[in-house]
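Notes follow the structure.
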Amino acid sequence: MLRVLLNGCNGKMGQVVSRVAKTYDDIKVVAGVDLNTTQNFDYPVYSNPFQIKEEFDVIIDFSLPEATLTILEFAKATKKPVVIATTGFTSEQKEKIIKAATEIPVFWSANMSLGVNLVAELIQKAYRTLGSRFDIEIIEKHHNQKIDAPSGTALMLADAINEVANNSYEYIYDRHTRRKKRSQNEIGIFSVRGGTIVGEHSVIFAGPDEIIEIKHTALSKEIFANGAIKAAMFIAGKSAGIYNMKDLINSM
Ligand SMILES: NC(=O)C1=CN([C@@H]2O[C@H](COP(=O)(O)OP(=O)(O)OC[C@H]3O[C@@H](n4cnc5c(N)ncnc54)[C@H](O)[C@@H]3O)[C@@H](O)[C@H]2O)C=CC1
Ligand SMILES: O=C(O)C1=N[C@H](C(=O)O)C[C@H](O)C1
């Protein structure tokens with residue numbers, strides 16, 4: 001039985017992970033951490049991870065960047081692996097995660113769905129085929145409770161293109177003050193927030209007289225919860241380092 005400590009357990013995703021984990025025979029959430037210590041499930045909830053009494057094997061984190069960094073300190077102190085699903089990190093915070101991964105295993109993905117990770121591969125192929133003659137724009141849509149913009153996934157998709165384009169692209173998040181034509185070395189990234197949209201990501205390749213649009217639509221938060229649980233199973237027992245969905249998919 002894999003014992004999970006859930007950071008951000010009372011958030012929207014924390015609650016879905018708690019519910020979905022119950023459908024697995026070989027995994028159990030044994031404690032949660034959240035600023036809101038309401039006990040919604042059958043495990044104790046702490047506001048401070050250093051007060052946890054329960055034994056656990058792996059941490060799953062769906063919270064806020066600052067809370068992720070706190071749980072990382074706790075993970076380093078207890079030598080436990082962490083699955084980071086939280087998004088919205090600054091460059092400095094990302095550096096801290098990378099540094100922590102020299103001491104403990106860290107599974108880090110802005111999107112825990114299989115589909116988005118396939119999209120990342122498809123857009124790399126699209127870039128290789130279409131090259132820089134096509135203008136690339138990314139549109140992401142999420143629910144009205146989301147704090148960070150653009151989404152971690154939109155940035156991950158832009159980075160996937162940059163990875164095969166020798167980092168030649170600059171990201172443009174806002175054109176309203178710009179009074180000039182777009183350049184070929186930019187990727188426009190745009191955020192829509194409304195209602196209960198779970199998560200949509202469209203990558204548009206607009207060329208001379210043709211447009212290719214590669215789109216992923218998440219229809220439920222369960223796909224992210226299932227992905228995070230599979231990531232937790234994958235990372236338990238691994239050595240220190242950074243792992244992502246590609247590693248998980250390749251191991252299947
Ligand atoms: N990688 C992925 O596949 C996915 C990632 N996410 C990301 O997960 C994060 C959480 O998303 P939601 O659950 O929708 O947000 P949410 O706002 O509903 O939940 C965040 C939870 O963290 C708690 N929290 C805040 N500060 C804390 C602290 N210092 N210590 C412990 N807990 C603290 C809040 O009380 C809240 O319960 C976001 O960054 C979101 O972008 C969301 C869905 C999928
Ligand atoms: O906040 C969310 O809900 C989501 N956040 C992630 C992101 O920022 O990319 C992943 C998913 O799209 C849902």
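Chain lettering (A, B, ...) mirrors the order of the structure tokens, residue numbering begins at 1 for each chain separately, and ligand numbering begins at 1 in order of display.
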Exercise for review: Just list the residues in stretch 161-241 of chain A DSSP gives strand (DSSP E) on the backbone, as a PyMOL selection string.
Suggested key: chain A and resi 170-172+186-193+199-207+210-218+241
**Study point:** Contacts of A:Ile197 at 12 Å (only C-alpha atoms; same-chain gap of 6+ positions) as a PyMOL selection string
**Key:** chain A and resi 140-146+217-221
Deliver the residues from the most recent selection as a file, using C-alpha atoms, as a PDB file, in the first residue's frame.
ATOM      1  CA  GLU A 140      -5.658  28.511 -23.016  1.00  0.00           C
ATOM      2  CA  LYS A 141      -9.055  28.578 -21.277  1.00  0.00           C
ATOM      3  CA  HIS A 142      -9.765  27.830 -17.619  1.00  0.00           C
ATOM      4  CA  HIS A 143     -12.384  28.276 -14.903  1.00  0.00           C
ATOM      5  CA  ASN A 144     -12.901  31.606 -13.165  1.00  0.00           C
ATOM      6  CA  GLN A 145     -11.219  30.421  -9.921  1.00  0.00           C
ATOM      7  CA  LYS A 146      -7.778  29.974 -11.481  1.00  0.00           C
ATOM      8  CA  THR A 217      -9.831  19.692 -23.906  1.00  0.00           C
ATOM      9  CA  ALA A 218      -9.945  18.333 -20.364  1.00  0.00           C
ATOM     10  CA  LEU A 219     -13.493  17.250 -19.555  1.00  0.00           C
ATOM     11  CA  SER A 220     -12.952  16.525 -15.868  1.00  0.00           C
ATOM     12  CA  LYS A 221     -10.454  17.150 -13.079  1.00  0.00           C
TER      13      LYS A 221
END
**Study point:** Non-local contacts of stretch 118-125 of chain A (9 Å; only C-alpha atoms; under 4 positions in same chain excluded) as a PyMOL selection string
**Key:** chain A and resi 114+129-130+156-158+160-165+203+214-216
Check your understanding: Got a sec: who's within 6 Å of stretch 6-11 of chain A, counting only C-alpha atoms, leaving out chain neighbours fewer than 3 positions off, as number ranges by chain?
Key -> A: 14-15, 32-34, 59-63
Exercise for review: Return the single residue from A:Ser132, A:Asn111, A:Ser151, A:Asn36 that is closest to A:Gly88, with distances computed using only C-alpha atoms.
Suggested key: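 Using only C-alpha atoms, A:Gly88 sits closest to A:Ser151.
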Practice item. List the neighbours of stretch 95-100 of chain A out to 8 Å using only C-alpha atoms; skip same-chain residues closer than 5 positions along the sequence, and give me the result as a VMD selection string. Key: chain A and resid 69 72 76 106 242
Next, write the just-selected residues to a file, as a compact mmCIF listing (two decimals), in the first residue's frame, keeping C-alpha atoms as the atom set.
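Full text of selection19.txt as output:
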# COMPACT_ATOMS: atom_id res chain seq x y z
CA LEU A 69 8.22 25.33 -1.48
CA LEU A 72 9.62 20.67 -0.55
CA LYS A 76 13.97 17.14 1.86
CA VAL A 106 10.69 15.18 -7.82
CA ILE A 242 13.51 15.38 -11.90
